[in-house]
Every structure is written in structure tokens, then in C-alpha cells.
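Notes to accompany the following structure.
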Protein chains: 2
Amino acid sequence: MTNSFLFEQIKLKASFLCVGLDIDLDKIPKHLLEEEEDPIFAFAKAIIDSTHNYAVAYKPNLAFFESYGIQGWKAFKKVINYLNINHPNHFTIADAKRGDIGNTAGRYAKAFFNTYAVDSITVAPYMGRDSVEPFLAFEDKYAILLALTSNESAADFQYTQEKDQLLFEKVLKTSLDWKNNERLMYVVGATKAEAFSSIRKLVPNSFLLVPGIGAQGGILAEVAKNGMNDQCGLLVNSSRGIIYASQKNDFADAAANQAKKLQEEMELLLKFKGLI
Amino acid sequence: MTNSFLFEQIKLKASFLCVGLDIDLDKIPKHLLEEEEDPIFAFAKAIIDSTHNYAVAYKPNLAFFESYGIQGWKAFKKVINYLNINHPNHFTIADAKRGDIGNTAGRYAKAFFNTYAVDSITVAPYMGRDSVEPFLAFEDKYAILLALTSNESAADFQYTQEKDQLLFEKVLKTSLDWKNNERLMYVVGATKAEAFSSIRKLVPNSFLLVPGIGAQGGILAEVAKNGMNDQCGLLVNSSRGIIYASQKNDFADAAANQAKKLQEEMELLLKFKGLI
């Protein structure tokens, strides 16, 4: 995957939507639990089948898969395989927020890029360069570095001020010196729309993965206004708002409706920006 | 597990050694690969059997297990089960460095504390309070927060200076306001021995998990001098120096020798401090 390929897909679909797969067995329709041998995969497959025309990326949230033990990891592998075989042009993001020292980070990279064959993985910056560079050594793969997250307590440390620079700005700036930094994208929460302008000055060309639309209250138009670049440069994620739009038998249709609604808003914004 | 129970174990064993299980199939003795159905578990079991008298804790490194896919996760579960059944007084640490927003962090906590039944998990601080507190809600379990890590690029962000305070100091200080903060321990690299004194002023009573002895060059006596408190308060980890002391048939004996050597040094330091 490359930025320009991703931009082609965005133009083709008139969408920069990423569907987050935070699959919770307590929230998926009951009939799947009764009828399906692997309800996690069955749910994911139904969601993918119904939403793929409106989305350019899928983001399985590893915490949910991991919480179901071996069964969850098997389902994760099946979800990625299903996407890679049936929707190879969709960008896959393992939302795993890994971060560890050099030789260990290399192991995580190998796990996700080789064993599971995802296109990208979210990575935490706290341990610095040598915890991230191993992820950047894989051609065609991306590490998506946490910069400014969408949660309430993001400010605890990310706003730490050193001279005239906040920590998340330092993370962005420092990462530009790392080897193969063109394989980086960044997580910037939609709830921090006011920060997008200054972030765009630091990383004008990078794609930003933007969680926090919907359940967490971020506003799409503001994000697009301040964050869009000439290759769009945004992947806006929605998880619960799409996948749990209905918890009844019509869940896949309801998910499609919500995804379509966001896609239509995104189409408008892409047109307004003159990108399609 | 409680701090005082851990201290009892430390006194009983005259050791504050944690054995790190960074199990790499390229480094374990070849005969295990040929003879054993689950060589990861077989290796871990042999290491545990030969070292348990010299250690109070075991720390499986999840990146290594994860890189072997489903097979690795199955082996991880077997290792923890083996420890919980045969060595229930040994403290288990899932070195996973997880960190995510509230509901997701709760999932990780559930995965490790319930599904895998470990005593503790390492956690990254970047996302702040709501990414850590879900781990602290489990009675008898610990979250071990990254403060000052042992890797070369730790300084990239952990030394970010806000007024007269460095980021890792802010992490320590801030975490003391979190709910159930008595369920916290902290990662402090042995390579940063000079920082232990100031860290001890911030968190006088907490246990510190100290990687970086051996392969990474940290010095045990300095760590003990500056970091030990009246309950010892240290778990010093050695991984490769113990588990790959020999890669031949005598690997378990060689591991035991290395563990015993560290235990004897620790006994001396505990005596010097007057704790045993």
C-alpha cells in the first residue's frame, strides 16, 4: 500500500471512512451467538460485506479480539484473510498500540505484518525511535504512531509543554528524523479538531487516522476543514456508530446505512475541497 | 498478590530476580524443535523447572509469543497455567505494554487478568489516566506502568522537560492521583541507575520492575543501592542472560547457574540492606 494508492481508493469510493471493528460478543445480535461456530468472524464478515462500498479501510481493535483468547486471535486472522482475499484494495489497520524496545518491536512487526498480513499497525511513541523504526523497515506497510489521542485523559501527558512545544508536537517533529519515516501515519483524535491546523504544518503529507467521530463527539466537517491535504490525508474512523447501529437481525443493513451516511458527508467534503 | 506477600517471597528465596521469557525459536536448543510438539512451552517449562528456586517472578514477553500466532498464544496460556498450578507463589508479569482508551483498556485488562490469569501486565502511559485505571480495578492484580525504560531512545520523549520536571517524573507523580494507585508498579530501566534516587522520592513504597541487567548493561549493585526500599521494592529482570546461557542440551542447567549467580548477588545485597 502507498499513499497514492490509498488516495486513488478514496477518490474511487468518494470516501475516507475507516470502519472500526470493536467486536463485543455482548453487543452483537444474539442469533449469531446461537447459529455461528465463530460469531466474531461471522459478525465481522457481515459488516464488511454490507459496508465495503462505503469504506476504504477496516480497523480491527485487537483488545476486543485478544479478550477472547485463542478464539479471538483465530477470528482476527480470519477477518484479515477475508479482507485480503475479497477486498485487497481496502487498507487494514491492526489497532494494537504496540511499543517495545528494538528486538521486541521487531517481533511485533513480524507478528502483524507477516503472520497476520495487515497493512498497518498502531504504535505507541513513549519509548522513542528504536521502538518504532523496526515497524518502518517493512516495504508497503505502515506504522500509525499515536500523536494526539481522542480520549479524555489524552491531556495528562500529551500536552506536556517543553519550551513552546507540546509533547504530541514533539512526537510528530521527532518522528520525521526516523529512518523510513515515509512509512508513518499518525493518530489524531477528532475530538481535538482545533489542533489539526498546527499538526498539518508539522506533517503536511502524512495520512492521519482520526478516531473519535460519533460516540466520542468529534465533528467531521471541522476535522476535514483543518486536516485535509491534497491527497485527502485523512482516514476517519467510526466503530460503534456503525457496527452497533442495530443489534437486531437487520444489523448489517443498519451498519450499511450509517456507513453510507458518513460516506455521503465525506463525498461532499472531498468535492468541496476539489479532490473529486 | 500483595506487596507484602511479594516481600515474603523475596525474603524466603533471598532473591528479587525476575526471569524474562523472551522465547525465540531461532535461539532455543535444536532438539526441542525436533522432539517437542510445543517447543515454546517445553523450553519455558524446562527454564522454570530449573530456575524457580532462584527467582520470585517470571515475565513472558508477549511480542515473542505473539509473533508465532495462535501457536504462540496457546503456548503463553500453557506457560501461565503451568506457573499458576506448580508455582502459585511466583509473581507473573505479562510484558505486553498495552495502552488504549477506557473501554478498550478494560478489554485488555480482562484478557490478561481473567482469560490468561496473570498477576500483572506492563502498561504504557502515553494516553493517560483513563488508559490505565481500568487495569487498577482488579483486586490482587498489578499494572506495571512504563516510567523510564532501558532502551537507547528512551530519552527521545521520557526526558521531555516541563519546567523542572521530566516526563517520566510527571508520569510517576501524576499516577499517584489515579484511583487504586496502590495497584501500580513501575518499569525503570537498570541502565538509568542514576535516576533511581529521585524516582524513590516520588514513589517510595512501590515495586519497580527493572529490566536492562546484563545484555543491556545495567549494574545490579547501583540499582540496589539507589532503588531498594524497606520491602526490597525491586524486581530485577534478566532474560537472555539466563535463558540463552547455553543453546545446547545443557541449557536448563546453564540457565539455573546464571539465575543462581544473580540470586547470590541479590542475597548479598538484601543482607547488606538488612532485609534478611
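So you can find residues: chains in the C-alpha cells are A, B, ... in the order shown, residues in each start at 1, and ligands are numbered from 1 in order.
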Tell me, as a JSON list (two decimals) with N, CA and C atoms, in the first residue's frame, which residues lie within 10 Å of Asn205 (chain A), counting only C-alpha atoms; anything in the same chain fewer than 5 positions away does not count.
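The result, stored in result-v5.json:
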[["chain", "number", "residue", "atom", "x", "y", "z"],
["A", 3, "ASN", "N", 0.62, 5.85, -0.17],
["A", 3, "ASN", "CA", -0.29, 6.99, -0.01],
["A", 3, "ASN", "C", -1.09, 7.24, -1.28],
["A", 182, "GLU", "N", 8.64, 7.92, 5.91],
["A", 182, "GLU", "CA", 7.53, 8.00, 4.97],
["A", 182, "GLU", "C", 6.55, 6.83, 5.16],
["A", 185, "MET", "N", 2.11, 6.95, 9.55],
["A", 185, "MET", "CA", 0.90, 7.75, 9.64],
["A", 185, "MET", "C", 0.76, 8.12, 11.12],
["A", 200, "ARG", "N", -0.95, 19.79, 10.82],
["A", 200, "ARG", "CA", -0.73, 19.77, 9.37],
["A", 200, "ARG", "C", 0.53, 20.54, 8.97],
["A", 228, "MET", "N", -7.51, 18.11, 6.13],
["A", 228, "MET", "CA", -7.40, 17.53, 4.79],
["A", 228, "MET", "C", -6.23, 18.15, 4.03],
["A", 229, "ASN", "N", -5.48, 17.29, 3.32],
["A", 229, "ASN", "CA", -4.44, 17.82, 2.43],
["A", 229, "ASN", "C", -4.78, 17.45, 0.98],
["A", 230, "ASP", "N", -3.87, 17.66, 0.05],
["A", 230, "ASP", "CA", -4.23, 17.48, -1.36],
["A", 230, "ASP", "C", -4.29, 16.02, -1.81],
["A", 231, "GLN", "N", -4.01, 15.09, -0.88],
["A", 231, "GLN", "CA", -4.29, 13.67, -1.14],
["A", 231, "GLN", "C", -5.34, 13.19, -0.14],
["A", 232, "CYS", "N", -6.15, 14.10, 0.31],
["A", 232, "CYS", "CA", -7.12, 13.86, 1.38],
["A", 232, "CYS", "C", -6.37, 13.75, 2.71],
["A", 233, "GLY", "N", -5.52, 12.73, 2.86],
["A", 233, "GLY", "CA", -4.66, 12.66, 4.04],
["A", 233, "GLY", "C", -5.39, 12.31, 5.33]]
key: chain B residues near chain A (7 Å cut-off, only C-alpha atoms) as a PyMOL selection string   = chain B and resi 63-64+66-70+73-74+97-99+101+104+107-108+110-111+115+126-130+149+151+153-154+156-158+160-162
Problem set entry | Neighbour list for region 4-14 of chain A as a PyMOL selection string, cut-off 9 Å, only C-alpha atoms, skip fewer than 2 positions in-chain | chain A and resi 1-2+16-17+53-56+89-91+231-233+263-264+266-268+270-271+275-276
The residue from B:His31, B:Lys261, B:Lys141, B:His87 with the smallest atom-to-atom distance to His52 (chain B), counting only C-alpha atoms, is B:His87
Determine which residues of region 66-131 of chain A DSSP labels as helix (DSSP H, G or I) from the backbone of this structure, then write them out as a PDB file with N, CA and C atoms, in the first residue's frame.
ATOM      1  N   GLU A  66      -8.363  -9.926  21.460  1.00  0.00           N
ATOM      2  CA  GLU A  66      -7.472 -10.522  22.455  1.00  0.00           C
ATOM      3  C   GLU A  66      -8.222 -10.977  23.698  1.00  0.00           C
ATOM      4  N   SER A  67      -9.287 -10.248  24.035  1.00  0.00           N
ATOM      5  CA  SER A  67     -10.010 -10.591  25.266  1.00  0.00           C
ATOM      6  C   SER A  67     -10.732 -11.934  25.138  1.00  0.00           C
ATOM      7  N   GLY A  69      -9.223 -14.583  23.904  1.00  0.00           N
ATOM      8  CA  GLY A  69      -8.196 -15.628  23.909  1.00  0.00           C
ATOM      9  C   GLY A  69      -7.932 -16.193  22.527  1.00  0.00           C
ATOM     10  N   ILE A  70      -7.593 -17.478  22.481  1.00  0.00           N
ATOM     11  CA  ILE A  70      -7.222 -18.139  21.223  1.00  0.00           C
ATOM     12  C   ILE A  70      -8.330 -17.959  20.175  1.00  0.00           C
ATOM     13  N   GLN A  71      -9.576 -18.121  20.622  1.00  0.00           N
ATOM     14  CA  GLN A  71     -10.734 -17.957  19.732  1.00  0.00           C
ATOM     15  C   GLN A  71     -10.718 -16.578  19.063  1.00  0.00           C
ATOM     16  N   GLY A  72     -10.368 -15.555  19.828  1.00  0.00           N
ATOM     17  CA  GLY A  72     -10.315 -14.197  19.304  1.00  0.00           C
ATOM     18  C   GLY A  72      -9.205 -14.026  18.279  1.00  0.00           C
ATOM     19  N   TRP A  73      -8.045 -14.598  18.564  1.00  0.00           N
ATOM     20  CA  TRP A  73      -6.923 -14.489  17.618  1.00  0.00           C
ATOM     21  C   TRP A  73      -7.210 -15.230  16.322  1.00  0.00           C
ATOM     22  N   LYS A  74      -7.886 -16.379  16.449  1.00  0.00           N
ATOM     23  CA  LYS A  74      -8.264 -17.110  15.229  1.00  0.00           C
ATOM     24  C   LYS A  74      -9.225 -16.264  14.394  1.00  0.00           C
ATOM     25  N   ALA A  75     -10.178 -15.638  15.077  1.00  0.00           N
ATOM     26  CA  ALA A  75     -11.153 -14.794  14.378  1.00  0.00           C
ATOM     27  C   ALA A  75     -10.445 -13.606  13.711  1.00  0.00           C
ATOM     28  N   PHE A  76      -9.487 -13.012  14.415  1.00  0.00           N
ATOM     29  CA  PHE A  76      -8.738 -11.884  13.851  1.00  0.00           C
ATOM     30  C   PHE A  76      -8.045 -12.308  12.553  1.00  0.00           C
ATOM     31  N   LYS A  77      -7.409 -13.457  12.590  1.00  0.00           N
ATOM     32  CA  LYS A  77      -6.704 -13.948  11.406  1.00  0.00           C
ATOM     33  C   LYS A  77      -7.691 -14.169  10.250  1.00  0.00           C
ATOM     34  N   LYS A  78      -8.851 -14.718  10.574  1.00  0.00           N
ATOM     35  CA  LYS A  78      -9.859 -14.954   9.534  1.00  0.00           C
ATOM     36  C   LYS A  78     -10.379 -13.636   8.953  1.00  0.00           C
ATOM     37  N   VAL A  79     -10.553 -12.656   9.815  1.00  0.00           N
ATOM     38  CA  VAL A  79     -11.039 -11.349   9.341  1.00  0.00           C
ATOM     39  C   VAL A  79     -10.030 -10.740   8.360  1.00  0.00           C
ATOM     40  N   ILE A  80      -8.754 -10.766   8.734  1.00  0.00           N
ATOM     41  CA  ILE A  80      -7.725 -10.193   7.863  1.00  0.00           C
ATOM     42  C   ILE A  80      -7.625 -10.995   6.561  1.00  0.00           C
ATOM     43  N   ASN A  81      -7.636 -12.308   6.669  1.00  0.00           N
ATOM     44  CA  ASN A  81      -7.614 -13.135   5.449  1.00  0.00           C
ATOM     45  C   ASN A  81      -8.801 -12.812   4.552  1.00  0.00           C
ATOM     46  N   TYR A  82      -9.956 -12.689   5.152  1.00  0.00           N
ATOM     47  CA  TYR A  82     -11.170 -12.399   4.368  1.00  0.00           C
ATOM     48  C   TYR A  82     -11.020 -11.074   3.627  1.00  0.00           C
ATOM     49  N   LEU A  83     -10.515 -10.085   4.328  1.00  0.00           N
ATOM     50  CA  LEU A  83     -10.303  -8.776   3.691  1.00  0.00           C
ATOM     51  C   LEU A  83      -9.238  -8.874   2.596  1.00  0.00           C
ATOM     52  N   ASN A  84      -8.128  -9.526   2.898  1.00  0.00           N
ATOM     53  CA  ASN A  84      -7.030  -9.592   1.920  1.00  0.00           C
ATOM     54  C   ASN A  84      -7.448 -10.329   0.650  1.00  0.00           C
ATOM     55  N   ILE A  85      -8.293 -11.337   0.791  1.00  0.00           N
ATOM     56  CA  ILE A  85      -8.715 -12.118  -0.377  1.00  0.00           C
ATOM     57  C   ILE A  85      -9.849 -11.423  -1.128  1.00  0.00           C
ATOM     58  N   ASN A  86     -10.849 -10.982  -0.381  1.00  0.00           N
ATOM     59  CA  ASN A  86     -12.049 -10.454  -1.037  1.00  0.00           C
ATOM     60  C   ASN A  86     -12.018  -8.951  -1.290  1.00  0.00           C
ATOM     61  N   GLY A 102      13.777  -2.290  20.707  1.00  0.00           N
ATOM     62  CA  GLY A 102      14.172  -2.747  19.389  1.00  0.00           C
ATOM     63  C   GLY A 102      13.870  -4.177  19.006  1.00  0.00           C
ATOM     64  N   ASN A 103      14.569  -5.149  19.611  1.00  0.00           N
ATOM     65  CA  ASN A 103      14.392  -6.527  19.138  1.00  0.00           C
ATOM     66  C   ASN A 103      12.968  -7.017  19.392  1.00  0.00           C
ATOM     67  N   THR A 104      12.332  -6.477  20.432  1.00  0.00           N
ATOM     68  CA  THR A 104      10.963  -6.871  20.744  1.00  0.00           C
ATOM     69  C   THR A 104       9.979  -6.218  19.773  1.00  0.00           C
ATOM     70  N   ALA A 105      10.222  -4.945  19.460  1.00  0.00           N
ATOM     71  CA  ALA A 105       9.369  -4.253  18.483  1.00  0.00           C
ATOM     72  C   ALA A 105       9.414  -4.982  17.138  1.00  0.00           C
ATOM     73  N   GLY A 106      10.599  -5.469  16.792  1.00  0.00           N
ATOM     74  CA  GLY A 106      10.742  -6.231  15.549  1.00  0.00           C
ATOM     75  C   GLY A 106       9.862  -7.465  15.544  1.00  0.00           C
ATOM     76  N   ARG A 107       9.725  -8.078  16.723  1.00  0.00           N
ATOM     77  CA  ARG A 107       8.855  -9.245  16.854  1.00  0.00           C
ATOM     78  C   ARG A 107       7.394  -8.883  16.598  1.00  0.00           C
ATOM     79  N   TYR A 108       6.977  -7.749  17.186  1.00  0.00           N
ATOM     80  CA  TYR A 108       5.595  -7.312  16.966  1.00  0.00           C
ATOM     81  C   TYR A 108       5.351  -7.018  15.484  1.00  0.00           C
ATOM     82  N   ALA A 109       6.330  -6.361  14.873  1.00  0.00           N
ATOM     83  CA  ALA A 109       6.202  -6.048  13.443  1.00  0.00           C
ATOM     84  C   ALA A 109       6.041  -7.329  12.638  1.00  0.00           C
ATOM     85  N   LYS A 110       6.879  -8.301  12.945  1.00  0.00           N
ATOM     86  CA  LYS A 110       6.814  -9.581  12.237  1.00  0.00           C
ATOM     87  C   LYS A 110       5.454 -10.248  12.470  1.00  0.00           C
ATOM     88  N   ALA A 111       4.994 -10.205  13.709  1.00  0.00           N
ATOM     89  CA  ALA A 111       3.705 -10.832  14.031  1.00  0.00           C
ATOM     90  C   ALA A 111       2.597 -10.244  13.167  1.00  0.00           C
ATOM     91  N   PHE A 112       2.522  -8.916  13.136  1.00  0.00           N
ATOM     92  CA  PHE A 112       1.383  -8.303  12.463  1.00  0.00           C
ATOM     93  C   PHE A 112       1.555  -8.224  10.951  1.00  0.00           C
ATOM     94  N   PHE A 113       2.742  -7.902  10.490  1.00  0.00           N
ATOM     95  CA  PHE A 113       2.938  -7.737   9.047  1.00  0.00           C
ATOM     96  C   PHE A 113       3.104  -9.070   8.320  1.00  0.00           C
ATOM     97  N   ASN A 114       3.759 -10.030   8.954  1.00  0.00           N
ATOM     98  CA  ASN A 114       3.959 -11.323   8.294  1.00  0.00           C
ATOM     99  C   ASN A 114       2.910 -12.354   8.711  1.00  0.00           C
ATOM    100  N   THR A 115       2.836 -12.643  10.007  1.00  0.00           N
ATOM    101  CA  THR A 115       1.921 -13.714  10.453  1.00  0.00           C
ATOM    102  C   THR A 115       0.466 -13.362  10.117  1.00  0.00           C
ATOM    103  N   ARG A 129      12.448   6.349  19.294  1.00  0.00           N
ATOM    104  CA  ARG A 129      12.861   5.888  17.979  1.00  0.00           C
ATOM    105  C   ARG A 129      12.992   4.368  17.845  1.00  0.00           C
ATOM    106  N   ASP A 130      13.787   3.759  18.729  1.00  0.00           N
ATOM    107  CA  ASP A 130      14.094   2.338  18.496  1.00  0.00           C
ATOM    108  C   ASP A 130      12.898   1.424  18.745  1.00  0.00           C
ATOM    109  N   SER A 131      11.830   1.979  19.317  1.00  0.00           N
ATOM    110  CA  SER A 131      10.613   1.177  19.489  1.00  0.00           C
ATOM    111  C   SER A 131       9.691   1.282  18.269  1.00  0.00           C
TER     112      SER A 131
END
Q.
Using DSSP assignments from the backbone, pull out every residue in region 99-188 of chain B that falls under strand (DSSP E or B) and give it to me as JSON, numbers by chain.
A. {"B": [120, 121, 122, 123, 142, 143, 144, 145, 146, 147, 148, 161, 162, 165, 166, 184, 185, 186, 187, 188]}
With N, CA and C atoms kept, could you save the residues just selected as a compact mmCIF listing (two decimals), in the first residue's frame?
# COMPACT_ATOMS: atom_id res chain seq x y z
N SER B 120 -0.01 -9.61 36.68
CA SER B 120 0.28 -8.21 36.34
C SER B 120 0.54 -8.09 34.84
N ILE B 121 0.47 -6.86 34.38
CA ILE B 121 0.73 -6.58 32.96
C ILE B 121 1.44 -5.22 32.87
N THR B 122 2.41 -5.12 31.97
CA THR B 122 3.05 -3.82 31.75
C THR B 122 2.14 -2.96 30.86
N VAL B 123 2.11 -1.66 31.16
CA VAL B 123 1.15 -0.73 30.55
C VAL B 123 1.87 0.55 30.16
N TYR B 142 -1.80 -6.26 39.39
CA TYR B 142 -1.00 -5.04 39.25
C TYR B 142 -0.89 -4.60 37.79
N ALA B 143 -0.89 -3.29 37.58
CA ALA B 143 -0.46 -2.73 36.30
C ALA B 143 0.95 -2.17 36.54
N ILE B 144 1.85 -2.48 35.64
CA ILE B 144 3.23 -2.02 35.80
C ILE B 144 3.48 -0.97 34.72
N LEU B 145 3.48 0.29 35.15
CA LEU B 145 3.48 1.41 34.23
C LEU B 145 4.90 1.74 33.76
N LEU B 146 5.07 1.90 32.45
CA LEU B 146 6.37 2.33 31.93
C LEU B 146 6.67 3.72 32.46
N ALA B 147 7.81 3.88 33.11
CA ALA B 147 8.23 5.21 33.55
C ALA B 147 9.47 5.59 32.75
N LEU B 148 10.59 4.98 33.13
CA LEU B 148 11.86 5.26 32.45
C LEU B 148 12.39 3.94 31.91
N GLN B 161 11.24 17.95 29.07
CA GLN B 161 11.28 18.74 30.31
C GLN B 161 10.20 19.81 30.36
N GLU B 162 9.33 19.71 31.36
CA GLU B 162 8.31 20.73 31.59
C GLU B 162 8.65 21.42 32.89
N GLN B 165 10.60 19.50 35.68
CA GLN B 165 10.18 18.10 35.79
C GLN B 165 10.32 17.38 34.44
N LEU B 166 10.89 16.18 34.47
CA LEU B 166 10.98 15.39 33.23
C LEU B 166 9.71 14.56 33.07
N LEU B 184 -0.34 -0.14 41.38
CA LEU B 184 0.67 0.19 40.37
C LEU B 184 2.07 -0.24 40.79
N MET B 185 2.82 -0.74 39.83
CA MET B 185 4.27 -0.83 39.94
C MET B 185 4.80 -0.03 38.75
N TYR B 186 6.12 0.13 38.66
CA TYR B 186 6.69 0.95 37.58
C TYR B 186 7.88 0.27 36.93
N VAL B 187 8.01 0.45 35.62
CA VAL B 187 9.20 -0.02 34.92
C VAL B 187 10.26 1.07 34.97
N VAL B 188 11.42 0.74 35.51
CA VAL B 188 12.56 1.66 35.49
C VAL B 188 13.79 0.88 35.04
- Query: Hey, what's within 8 Å of Thr51 (chain A) if we count only C-alpha atoms and toss same-chain stuff fewer than 4 positions away? As a VMD selection string, please?
  - Reply: chain A and resid 47 55 255 to 256 259 to 260
Go ahead and write the residues just picked, N, CA and C atoms, as a CSV table (one decimal), in the first residue's frame.
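Writing done, so here's again34.csv:
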chain,number,residue,atom,x,y,z
A,47,ILE,N,-20.6,-7.4,8.5
A,47,ILE,CA,-20.3,-5.9,8.5
A,47,ILE,C,-19.5,-5.5,7.3
A,55,ALA,N,-16.4,2.3,2.5
A,55,ALA,CA,-15.2,2.4,3.3
A,55,ALA,C,-14.0,2.1,2.5
A,255,ALA,N,-25.8,-1.0,9.6
A,255,ALA,CA,-24.4,-0.6,9.6
A,255,ALA,C,-24.2,0.0,8.2
A,256,ALA,N,-24.7,-0.6,7.1
A,256,ALA,CA,-24.5,-0.1,5.8
A,256,ALA,C,-25.1,1.4,5.7
A,259,ALA,N,-22.8,3.8,7.5
A,259,ALA,CA,-21.6,3.9,6.7
A,259,ALA,C,-21.8,4.8,5.5
A,260,LYS,N,-23.0,4.5,4.9
A,260,LYS,CA,-23.4,5.3,3.7
A,260,LYS,C,-23.6,6.8,4.0
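Between CA of Ile242 (chain A) and CA of Ala221 (chain A) lies a distance of 18.2 Å.
Nearest to Asp177 (chain A) of all the residues A:Ser198, A:Val132, A:Lys273, A:Asp140 is A:Val132, based on only C-alpha atoms.
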| field | Contacts of Glu222 (chain B) at 10 Å (only C-alpha atoms; same-chain gap of 5+ positions) as a ChimeraX atom specification | value | /B:190-194,196,227-228
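For the choices B:Ile28, B:Leu269, B:Val118, B:Leu136, the atom-to-atom distance to Asn226 (chain B) is smallest for B:Leu269 when using only C-alpha atoms.
The space between CA of Phe135 (chain A) and CA of Ala44 (chain B) spans 27.2 Å.
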| message | Give me, as a ChimeraX atom specification, all polymer residues having an atom no more than 12 Å from Ile243 (chain B), counting only C-alpha atoms and skipping those fewer than 6 positions away in the same chain. | response | /B:18-24,27-29,43-48,50-51,58-60,215,237,250-259
